[in-house]
Structure formats: structure tokens, C-alpha cells
Amino acid sequence: MKPLTLHKDFSLSAVTAGFLAVLISYSGPLVIFFQAAQSAGISAGMMSSWVWAISIGAALSGILLSLWLRVPVVTAWSAPGTAMLVTLFPALSLNEAVGAYLTAGAILFLIGISGWFDRLVQAIPRGIAYAMMAGILLQFGVGAFQSVASMPALAFGMLLAYLIFKRLFPRYCLVLLLVVGVALAVGLEGSNLAGIGASLAAPQFIAPQWSWSSTLSLAIPLVLVSLTGQFLPGMAILRNAGYDTPARPVLATTGLASLAVACFGGISIVIAAITAALCTGRDAHEDPDRRYVAGIANGVFYLLGGTFAGTIILLFSAMPKTFVAVLAGLALIGAITSNVMGAVNEEDHREASMLTFLATASGMSFFGLGSAFWGVVIGALAYLILHRTGWLPKNLLAGLLAAGKDQGVR
């Protein structure tokens, strides 16, 4: 390992990249977390504890990994996992959610220290994983347009701003959209920002509770989407930027961070994917060996955000639900698109992927288990029946095909 020369490697461009990554996370993925908290019906104080937990978990793991590996490791909370919470609350209790967080964190830690990450991801049909995420995220995109009826001026104003910023300033689109959305909410809908001031977070302990329902509906899908939706693309971004970073320390460290913050409402801490690109590219610094400063800066700004989580909650609480719905939906358009394309492009099991997508998007619940679980189960079963033959006895398969011909099945 190279000697630490942080004072020499410091640069304004790297600090700016770290700041923008945090700002974009608070502008986009945090909105989904806020929606999950609203669906659970929790208090503003508990919501502040949630934001504190995910911010501190991301801050400490990101700073530690960036210093340790000398690589711009940007960590965050699981946005796909947060999206699942919206579909599970209020049927799932907060205590059961925390129990599922602990289970998922322990599994991710074990996968990390075992070195099984690459082999495990290869065993999961990618189309099914993409389809499950697309089904989960679809409701957010649809919700952005369903909210038009209640506040059309605000919704269409934010949509127009999104298109303009996406064309002119794509990198800062979400940050600018947040600013414009707040301005429109104040100017058109009368939202009051007078009561917003500096407010420190007060972490609140939540006793965990375990159940088979929460384990199968949240913990296992959370592990799946964290591996395929965060760690896989996040590690790919690092490697594409020229960093030959092993996955083991990243998964192990974020797994421990997840366990540490779970009982305060913090969902799984993972490596960032979309915002990580801001800190790994040339905009952070021309010299790749000095970009790790961006990862450290990202963690420092998360520390500040977590400390003043109460202020962030006051801001979002002052905004109308239409603002939150539109911002969340537009922020996830890229993620929805990439997951739909990922599901469709897997030609060798496209039907299984689409069954996963439809089952997950339906919001179905059966035996107390959510649609994400059933989407994966139905998709995996379809994959085995439609696209794999080795698991069925040959005589049974031949008999089924012969029976289909006798019945005129084509």
C-alpha cells in the first residue's frame, strides 16, 4: 500500500465531485426513503433517525475504504431495497424491517469475507434480477404521472424543468430539479419554508423482530437487489475506471456498517453505482491515484448530512406529496430504463424475465409474502421449466412433450 499523502493529494475538483455525489443522493434516492417512511406512518423524529443511520453508515464505510484501498469508493444506502419498503409497509412492522436489515447485513458480510461474490452473481439469471428491479421501480415512474391530477402546475412544471436540465446540464439535472421543484412548491402551492432551520438528528433505537415473512419478503430480496443492483454495477464502474479493486473488503466493510446502523432504521449500506461515476472519472482529478480524495470527501459530506438529518426531514415535510412523487419518479427514469432493457435483452430467458417483471409490478401478496419474493420465485420456476432441461428427468420431459402433442399443443 502506498503511503498516505492526503495533504498532497487534496484537490478542489475531488472535493467537489464528492459533494455532488452526496447532493444527488439526497436529491433522488433519499426521496424514495422519505416515501417509505410516509407509507410506514412513522414520526418525523424516527424519520430523522433513519436518515442519520444511512448517512453515517455510508460516511464511515466510504471514508474507511477510500483511505484503506486508495480508491474512490463511494458508498450509499440501498435505493432498490428502499423501493421495496414502499410496497411492504404498513403490513410489515418497523421491528420486522430492522430484523430483516440485520439478516441481510449478516448475509452480505459472509458473502464478502468468503469471496463468493463473483460466483454467486453469476449463478443468478441476470434477466430475472433486472426484471424484479424493473417491477419494483415501475410504480415510482407511474406515480409521477398519477400525481398530475392533484397539482398539475407543479407536476408539469417539474417535468418541463427535468427535460430542459437533462438536455442542457445532464450531470446536475437532479440537483437543479430539486431546486426548481422547491421553488415551484413555494410559489405555486404555498409551501411554507419558514419553520426550516438547523436541526440535529437524534438516533432512536428500534428493537429487531424476526419472522419468516420479513426474511423472505425483505431480507432475501434485499440481498439479491444489493448484489445485482448495487455491488455488481458499482464494482464494474471502479474496474472500468482502471481500479483493480477486490470485492471482498468492500462487501465485508459495508456489511459491518449495515449491521451497525440497522437498529436505528438504516437499510443495507452498499457501494454506490450511479453517483460513483462522479468520483471515479477525470472530472474528479486527472490523476487516478488522487481520486480517492473524492471518496473521502463524499464520506465527510455524508457525516454533515447525517448530523443535520432533522433539517433535511423538515424540508421534505414542508413539500407536498406531489413534489415527492414527481421527484422520485423522474430521478428513477434512468434506473427503470436500464433494468427494463436488462430484462428484455436477456434473450435466452426473456419469458421468465417478463413473468418476474409482471408478478413484481402487480404488487401481489400471498401467504404474507410480497411481490418481490413471488416475482423471483415465479421467474426462477419459469426459467427452469422453459429454459433448462438438466433438472428434469429425461423420461418425464419426453412424456410431457408427447402429452402436449397429443392435446394439439403447438
# chains A, B, ... in the order shown; residues from 1 in each chain; ligands from 1
>>> select_by_dssp(residues="region 11-220 of chain A", states="helix (DSSP H, G or I)", output="JSON, numbers by chain")
{"A": [12, 13, 14, 15, 16, 17, 18, 19, 20, 21, 22, 23, 24, 25, 26, 27, 29, 30, 31, 32, 33, 34, 35, 36, 37, 38, 39, 40, 44, 45, 46, 47, 48, 49, 50, 51, 52, 53, 54, 55, 56, 57, 58, 59, 60, 61, 62, 63, 64, 65, 66, 67, 68, 69, 79, 80, 81, 82, 83, 84, 85, 86, 87, 88, 94, 95, 96, 97, 98, 99, 100, 101, 102, 103, 104, 105, 106, 107, 108, 109, 110, 111, 112, 113, 114, 117, 118, 119, 120, 121, 122, 123, 126, 127, 128, 129, 130, 131, 132, 133, 134, 135, 136, 137, 138, 139, 140, 141, 142, 143, 144, 145, 146, 147, 148, 149, 152, 153, 154, 155, 156, 157, 158, 159, 160, 161, 162, 163, 164, 165, 166, 167, 168, 170, 171, 172, 173, 174, 175, 176, 177, 178, 179, 180, 181, 182, 183, 184, 185, 186, 187, 188, 189, 212, 213, 214, 215, 216, 217, 218, 219, 220]}
>>> residues_around(residues="region 39-44 of chain A", least_positions_apart="4", cutoff="7 Å", atoms="only C-alpha atoms", output="list in words")
Gln35, Ser48, Val86, Phe89, Pro90 and Ile313 of chain A
>>> write_last_selection(atoms="C-alpha atoms", output="compact mmCIF listing (two decimals), in the first residue's frame")
# COMPACT_ATOMS: atom_id res chain seq x y z
CA GLN A 35 -41.82 7.82 0.67
CA SER A 48 -34.62 11.74 11.18
CA VAL A 86 -42.80 1.21 -0.03
CA PHE A 89 -45.25 -1.02 4.59
CA PRO A 90 -47.50 -0.79 6.58
CA ILE A 313 -36.62 15.98 7.13
>>> atom_distance(atom1="CA of Thr360 (chain A)", atom2="CA of Val377 (chain A)")
10.3 Å
>>> residues_around(residues="region 299-302 of chain A", least_positions_apart="6", cutoff="8 Å", atoms="only C-alpha atoms", output="list in words")
Gly18, Phe19, Val22, Ser55, Ile56, Ala58, Ala59, Leu60, Ser61, Gly62, Ile63 and Val74 of chain A
>>> closest_residue(among="A:Leu384, A:Val15, A:Met319, A:Met364", to="Ile136 (chain A)", atoms="only C-alpha atoms")
A:Met364
>>> residues_around(residues="Gly229 (chain A)", least_positions_apart="4", cutoff="10 Å", atoms="only C-alpha atoms", output="MDAnalysis selection string")
chainID A and resid 78:81 129:130 133 222:225 233:234 270:273 335 339
>>> write_last_selection(atoms="C-alpha atoms", output="CSV table (one decimal), in the first residue's frame")
chain,number,residue,atom,x,y,z
A,78,SER,CA,-29.6,0.5,-1.0
A,79,ALA,CA,-32.0,2.6,-3.1
A,80,PRO,CA,-33.6,-0.6,-4.7
A,81,GLY,CA,-34.1,-2.0,-1.3
A,129,ALA,CA,-32.8,-9.8,-11.3
A,130,TYR,CA,-33.2,-6.9,-13.7
A,133,MET,CA,-36.0,-4.4,-10.0
A,222,LEU,CA,-32.7,-7.1,-0.3
A,223,VAL,CA,-29.6,-9.2,-0.6
A,224,LEU,CA,-30.4,-10.0,-4.2
A,225,VAL,CA,-31.0,-6.4,-5.3
A,233,PRO,CA,-22.5,-2.3,-11.3
A,234,GLY,CA,-20.6,-0.4,-8.6
A,270,VAL,CA,-23.8,-0.8,-0.3
A,271,ILE,CA,-21.4,0.5,-2.9
A,272,ALA,CA,-22.9,3.3,-5.0
A,273,ALA,CA,-23.4,2.8,-8.7
A,335,ALA,CA,-32.8,3.1,-13.4
A,339,ASN,CA,-33.5,-2.6,-15.7
>>> residues_around(residues="Met132 (chain A)", least_positions_apart="5", cutoff="12 Å", atoms="only C-alpha atoms", output="mmCIF file with C-alpha atoms, in the first residue's frame")
data_model
loop_
_atom_site.group_PDB
_atom_site.id
_atom_site.type_symbol
_atom_site.label_atom_id
_atom_site.label_comp_id
_atom_site.auth_asym_id
_atom_site.auth_seq_id
_atom_site.Cartn_x
_atom_site.Cartn_y
_atom_site.Cartn_z
ATOM 1 C CA PRO A 80 -33.561 -0.584 -4.723
ATOM 2 C CA GLY A 81 -34.078 -2.009 -1.257
ATOM 3 C CA ALA A 83 -38.100 0.979 -3.044
ATOM 4 C CA MET A 84 -39.195 -2.437 -1.777
ATOM 5 C CA PRO A 125 -30.064 -15.258 -14.058
ATOM 6 C CA ARG A 126 -29.423 -11.606 -14.792
ATOM 7 C CA GLY A 127 -32.666 -11.073 -16.654
ATOM 8 C CA LEU A 137 -39.326 0.712 -9.661
ATOM 9 C CA LEU A 138 -42.178 0.890 -12.186
ATOM 10 C CA PRO A 221 -34.765 -9.828 -1.936
ATOM 11 C CA LEU A 222 -32.677 -7.077 -0.292
ATOM 12 C CA LEU A 224 -30.418 -10.043 -4.195
ATOM 13 C CA VAL A 225 -31.002 -6.449 -5.313
ATOM 14 C CA THR A 228 -27.094 -7.305 -8.600
ATOM 15 C CA GLY A 229 -28.319 -3.698 -8.496
ATOM 16 C CA ILE A 336 -36.174 1.950 -14.716
ATOM 17 C CA ASN A 339 -33.493 -2.563 -15.693
ATOM 18 C CA VAL A 340 -36.209 -2.968 -18.331
ATOM 19 C CA GLY A 342 -31.548 -5.617 -18.981
ATOM 20 C CA ALA A 343 -34.594 -7.877 -18.619
ATOM 21 C CA ALA A 352 -39.084 -15.865 -17.455
ATOM 22 C CA SER A 353 -37.863 -12.301 -17.006
ATOM 23 C CA MET A 354 -41.168 -10.826 -18.153
ATOM 24 C CA LEU A 355 -43.109 -13.096 -15.787
ATOM 25 C CA THR A 356 -40.874 -11.829 -12.977
ATOM 26 C CA PHE A 357 -41.497 -8.245 -14.043
ATOM 27 C CA LEU A 358 -45.286 -8.627 -14.208
ATOM 28 C CA ALA A 359 -45.542 -10.515 -10.916
ATOM 29 C CA THR A 360 -43.366 -7.958 -9.112
ATOM 30 C CA ALA A 361 -45.096 -4.924 -10.637
ATOM 31 C CA SER A 362 -48.516 -6.326 -9.719
ATOM 32 C CA GLY A 363 -47.911 -5.719 -6.014
ATOM 33 C CA GLY A 370 -44.523 -9.543 -1.003
ATOM 34 C CA SER A 371 -44.430 -9.294 -4.779
ATOM 35 C CA ALA A 372 -40.616 -9.064 -4.985
ATOM 36 C CA PHE A 373 -40.301 -12.526 -3.457
ATOM 37 C CA TRP A 374 -43.011 -14.055 -5.628
ATOM 38 C CA GLY A 375 -41.615 -12.361 -8.712
ATOM 39 C CA VAL A 376 -38.272 -14.093 -8.211
ATOM 40 C CA VAL A 377 -39.893 -17.447 -7.347
ATOM 41 C CA ILE A 378 -42.208 -17.399 -10.384
ATOM 42 C CA GLY A 379 -39.426 -16.183 -12.658
ATOM 43 C CA ALA A 380 -36.968 -18.804 -11.415
#
>>> closest_residue(among="A:Thr5, A:Phe156, A:Leu69, A:Leu200", to="Ile312 (chain A)", atoms="only C-alpha atoms")
A:Leu200
>>> residues_around(residues="region 92-105 of chain A", least_positions_apart="5", cutoff="7 Å", atoms="only C-alpha atoms", output="ChimeraX atom specification")
/A:206-211,214-215,218-220,222-223,255-256,258-259,262-263,265,267-268
>>> closest_residue(among="A:Glu286, A:Glu351, A:Glu346, A:Asp244", to="Arg70 (chain A)", atoms="only C-alpha atoms")
A:Asp244
>>> closest_residue(among="A:Leu216, A:Ile269, A:Leu315, A:Leu330", to="Gly197 (chain A)", atoms="only C-alpha atoms")
A:Leu315
>>> residues_around(residues="Tyr243 (chain A)", least_positions_apart="5", cutoff="9 Å", atoms="only C-alpha atoms", output="MDAnalysis selection string")
chainID A and resid 71 237:238 288
>>> write_last_selection(atoms="all heavy atoms", output="PDB file, in the first residue's frame")
ATOM      1  N   VAL A  71      -8.615   4.221  -3.219  1.00  0.00           N
ATOM      2  CA  VAL A  71      -9.509   4.180  -4.374  1.00  0.00           C
ATOM      3  C   VAL A  71     -10.759   4.982  -4.014  1.00  0.00           C
ATOM      4  O   VAL A  71     -11.187   4.963  -2.858  1.00  0.00           O
ATOM      5  CB  VAL A  71      -9.881   2.710  -4.707  1.00  0.00           C
ATOM      6  CG1 VAL A  71     -11.051   2.638  -5.664  1.00  0.00           C
ATOM      7  CG2 VAL A  71      -8.679   1.976  -5.280  1.00  0.00           C
ATOM      8  N   ILE A 237     -17.989  -0.190 -12.291  1.00  0.00           N
ATOM      9  CA  ILE A 237     -17.599   1.200 -12.509  1.00  0.00           C
ATOM     10  C   ILE A 237     -16.164   1.418 -12.034  1.00  0.00           C
ATOM     11  O   ILE A 237     -15.353   2.084 -12.714  1.00  0.00           O
ATOM     12  CB  ILE A 237     -18.569   2.151 -11.785  1.00  0.00           C
ATOM     13  CG1 ILE A 237     -19.905   2.199 -12.534  1.00  0.00           C
ATOM     14  CG2 ILE A 237     -17.989   3.563 -11.675  1.00  0.00           C
ATOM     15  CD1 ILE A 237     -20.986   2.963 -11.819  1.00  0.00           C
ATOM     16  N   LEU A 238     -15.822   0.867 -10.865  1.00  0.00           N
ATOM     17  CA  LEU A 238     -14.449   1.006 -10.370  1.00  0.00           C
ATOM     18  C   LEU A 238     -13.452   0.349 -11.323  1.00  0.00           C
ATOM     19  O   LEU A 238     -12.400   0.929 -11.648  1.00  0.00           O
ATOM     20  CB  LEU A 238     -14.332   0.370  -8.984  1.00  0.00           C
ATOM     21  CG  LEU A 238     -14.868   1.176  -7.794  1.00  0.00           C
ATOM     22  CD1 LEU A 238     -14.777   0.357  -6.513  1.00  0.00           C
ATOM     23  CD2 LEU A 238     -14.087   2.476  -7.633  1.00  0.00           C
ATOM     24  N   PRO A 288      -5.545   9.370 -11.637  1.00  0.00           N
ATOM     25  CA  PRO A 288      -6.381   8.368 -10.964  1.00  0.00           C
ATOM     26  C   PRO A 288      -5.956   8.072  -9.530  1.00  0.00           C
ATOM     27  O   PRO A 288      -6.780   7.727  -8.690  1.00  0.00           O
ATOM     28  CB  PRO A 288      -6.224   7.125 -11.848  1.00  0.00           C
ATOM     29  CG  PRO A 288      -5.801   7.658 -13.178  1.00  0.00           C
ATOM     30  CD  PRO A 288      -4.966   8.862 -12.888  1.00  0.00           C
TER      31      PRO A 288
END
>>> closest_residue(among="A:Ala153, A:Val51, A:Val179, A:Leu232", to="Leu304 (chain A)", atoms="only C-alpha atoms")
A:Val51
>>> decode(residues="region 55-80 of chain A", atoms="N, CA, C and O atoms", output="JSON list (two decimals), in the first residue's frame")
[["chain", "number", "residue", "atom", "x", "y", "z"],
["A", 55, "SER", "N", -26.89, 7.81, 6.50],
["A", 55, "SER", "CA", -25.82, 8.77, 6.19],
["A", 55, "SER", "C", -24.54, 8.40, 6.92],
["A", 55, "SER", "O", -23.45, 8.40, 6.32],
["A", 56, "ILE", "N", -24.64, 8.09, 8.21],
["A", 56, "ILE", "CA", -23.45, 7.74, 8.99],
["A", 56, "ILE", "C", -22.85, 6.42, 8.50],
["A", 56, "ILE", "O", -21.63, 6.27, 8.40],
["A", 57, "GLY", "N", -23.70, 5.45, 8.19],
["A", 57, "GLY", "CA", -23.21, 4.19, 7.66],
["A", 57, "GLY", "C", -22.45, 4.36, 6.37],
["A", 57, "GLY", "O", -21.36, 3.79, 6.17],
["A", 58, "ALA", "N", -23.00, 5.17, 5.46],
["A", 58, "ALA", "CA", -22.34, 5.43, 4.18],
["A", 58, "ALA", "C", -21.06, 6.24, 4.39],
["A", 58, "ALA", "O", -20.04, 6.00, 3.72],
["A", 59, "ALA", "N", -21.09, 7.19, 5.32],
["A", 59, "ALA", "CA", -19.94, 8.06, 5.56],
["A", 59, "ALA", "C", -18.74, 7.27, 6.08],
["A", 59, "ALA", "O", -17.64, 7.35, 5.51],
["A", 60, "LEU", "N", -18.94, 6.51, 7.13],
["A", 60, "LEU", "CA", -17.82, 5.82, 7.77],
["A", 60, "LEU", "C", -17.24, 4.73, 6.87],
["A", 60, "LEU", "O", -16.02, 4.57, 6.77],
["A", 61, "SER", "N", -18.13, 3.97, 6.19],
["A", 61, "SER", "CA", -17.63, 2.91, 5.31],
["A", 61, "SER", "C", -16.89, 3.49, 4.11],
["A", 61, "SER", "O", -15.84, 2.98, 3.69],
["A", 62, "GLY", "N", -17.41, 4.59, 3.55],
["A", 62, "GLY", "CA", -16.77, 5.21, 2.39],
["A", 62, "GLY", "C", -15.41, 5.80, 2.73],
["A", 62, "GLY", "O", -14.44, 5.64, 1.98],
["A", 63, "ILE", "N", -15.32, 6.49, 3.87],
["A", 63, "ILE", "CA", -14.05, 7.08, 4.28],
["A", 63, "ILE", "C", -13.02, 5.99, 4.55],
["A", 63, "ILE", "O", -11.87, 6.06, 4.11],
["A", 64, "LEU", "N", -13.43, 4.96, 5.29],
["A", 64, "LEU", "CA", -12.51, 3.87, 5.64],
["A", 64, "LEU", "C", -11.99, 3.16, 4.39],
["A", 64, "LEU", "O", -10.77, 2.95, 4.23],
["A", 65, "LEU", "N", -12.88, 2.80, 3.48],
["A", 65, "LEU", "CA", -12.47, 2.06, 2.28],
["A", 65, "LEU", "C", -11.61, 2.92, 1.35],
["A", 65, "LEU", "O", -10.64, 2.42, 0.76],
["A", 66, "SER", "N", -11.94, 4.20, 1.22],
["A", 66, "SER", "CA", -11.15, 5.08, 0.35],
["A", 66, "SER", "C", -9.74, 5.27, 0.90],
["A", 66, "SER", "O", -8.76, 5.29, 0.14],
["A", 67, "LEU", "N", -9.61, 5.41, 2.24],
["A", 67, "LEU", "CA", -8.29, 5.53, 2.85],
["A", 67, "LEU", "C", -7.51, 4.23, 2.77],
["A", 67, "LEU", "O", -6.31, 4.21, 2.49],
["A", 68, "TRP", "N", -8.21, 3.13, 3.02],
["A", 68, "TRP", "CA", -7.57, 1.81, 3.07],
["A", 68, "TRP", "C", -7.08, 1.38, 1.69],
["A", 68, "TRP", "O", -5.92, 0.96, 1.52],
["A", 69, "LEU", "N", -7.96, 1.49, 0.68],
["A", 69, "LEU", "CA", -7.65, 0.97, -0.65],
["A", 69, "LEU", "C", -7.03, 2.02, -1.58],
["A", 69, "LEU", "O", -6.58, 1.67, -2.67],
["A", 70, "ARG", "N", -7.04, 3.30, -1.16],
["A", 70, "ARG", "CA", -6.57, 4.42, -2.00],
["A", 70, "ARG", "C", -7.33, 4.46, -3.33],
["A", 70, "ARG", "O", -6.77, 4.68, -4.40],
["A", 71, "VAL", "N", -8.62, 4.22, -3.22],
["A", 71, "VAL", "CA", -9.51, 4.18, -4.37],
["A", 71, "VAL", "C", -10.76, 4.98, -4.01],
["A", 71, "VAL", "O", -11.19, 4.96, -2.86],
["A", 72, "PRO", "N", -11.36, 5.70, -4.96],
["A", 72, "PRO", "CA", -12.57, 6.48, -4.65],
["A", 72, "PRO", "C", -13.80, 5.57, -4.48],
["A", 72, "PRO", "O", -14.63, 5.43, -5.37],
["A", 73, "VAL", "N", -13.89, 4.94, -3.31],
["A", 73, "VAL", "CA", -15.02, 4.05, -3.03],
["A", 73, "VAL", "C", -16.16, 4.90, -2.46],
["A", 73, "VAL", "O", -16.05, 5.46, -1.37],
["A", 74, "VAL", "N", -17.23, 5.00, -3.21],
["A", 74, "VAL", "CA", -18.39, 5.77, -2.80],
["A", 74, "VAL", "C", -19.47, 4.80, -2.35],
["A", 74, "VAL", "O", -19.90, 3.94, -3.12],
["A", 75, "THR", "N", -19.87, 4.91, -1.10],
["A", 75, "THR", "CA", -20.91, 4.03, -0.58],
["A", 75, "THR", "C", -22.19, 4.82, -0.33],
["A", 75, "THR", "O", -22.18, 6.05, -0.26],
["A", 76, "ALA", "N", -23.29, 4.10, -0.21],
["A", 76, "ALA", "CA", -24.60, 4.74, -0.02],
["A", 76, "ALA", "C", -25.53, 3.69, 0.59],
["A", 76, "ALA", "O", -25.09, 2.59, 0.94],
["A", 77, "TRP", "N", -26.79, 4.02, 0.71],
["A", 77, "TRP", "CA", -27.77, 3.05, 1.15],
["A", 77, "TRP", "C", -28.42, 2.40, -0.07],
["A", 77, "TRP", "O", -28.35, 2.93, -1.18],
["A", 78, "SER", "N", -29.04, 1.27, 0.12],
["A", 78, "SER", "CA", -29.62, 0.52, -0.99],
["A", 78, "SER", "C", -30.91, 1.18, -1.47],
["A", 78, "SER", "O", -31.97, 1.03, -0.86],
["A", 79, "ALA", "N", -30.81, 1.92, -2.57],
["A", 79, "ALA", "CA", -32.01, 2.56, -3.15],
["A", 79, "ALA", "C", -33.02, 1.52, -3.64],
["A", 79, "ALA", "O", -34.22, 1.67, -3.40],
["A", 80, "PRO", "N", -32.58, 0.45, -4.33],
["A", 80, "PRO", "CA", -33.56, -0.58, -4.72],
["A", 80, "PRO", "C", -34.25, -1.22, -3.52],
["A", 80, "PRO", "O", -35.45, -1.50, -3.55]]
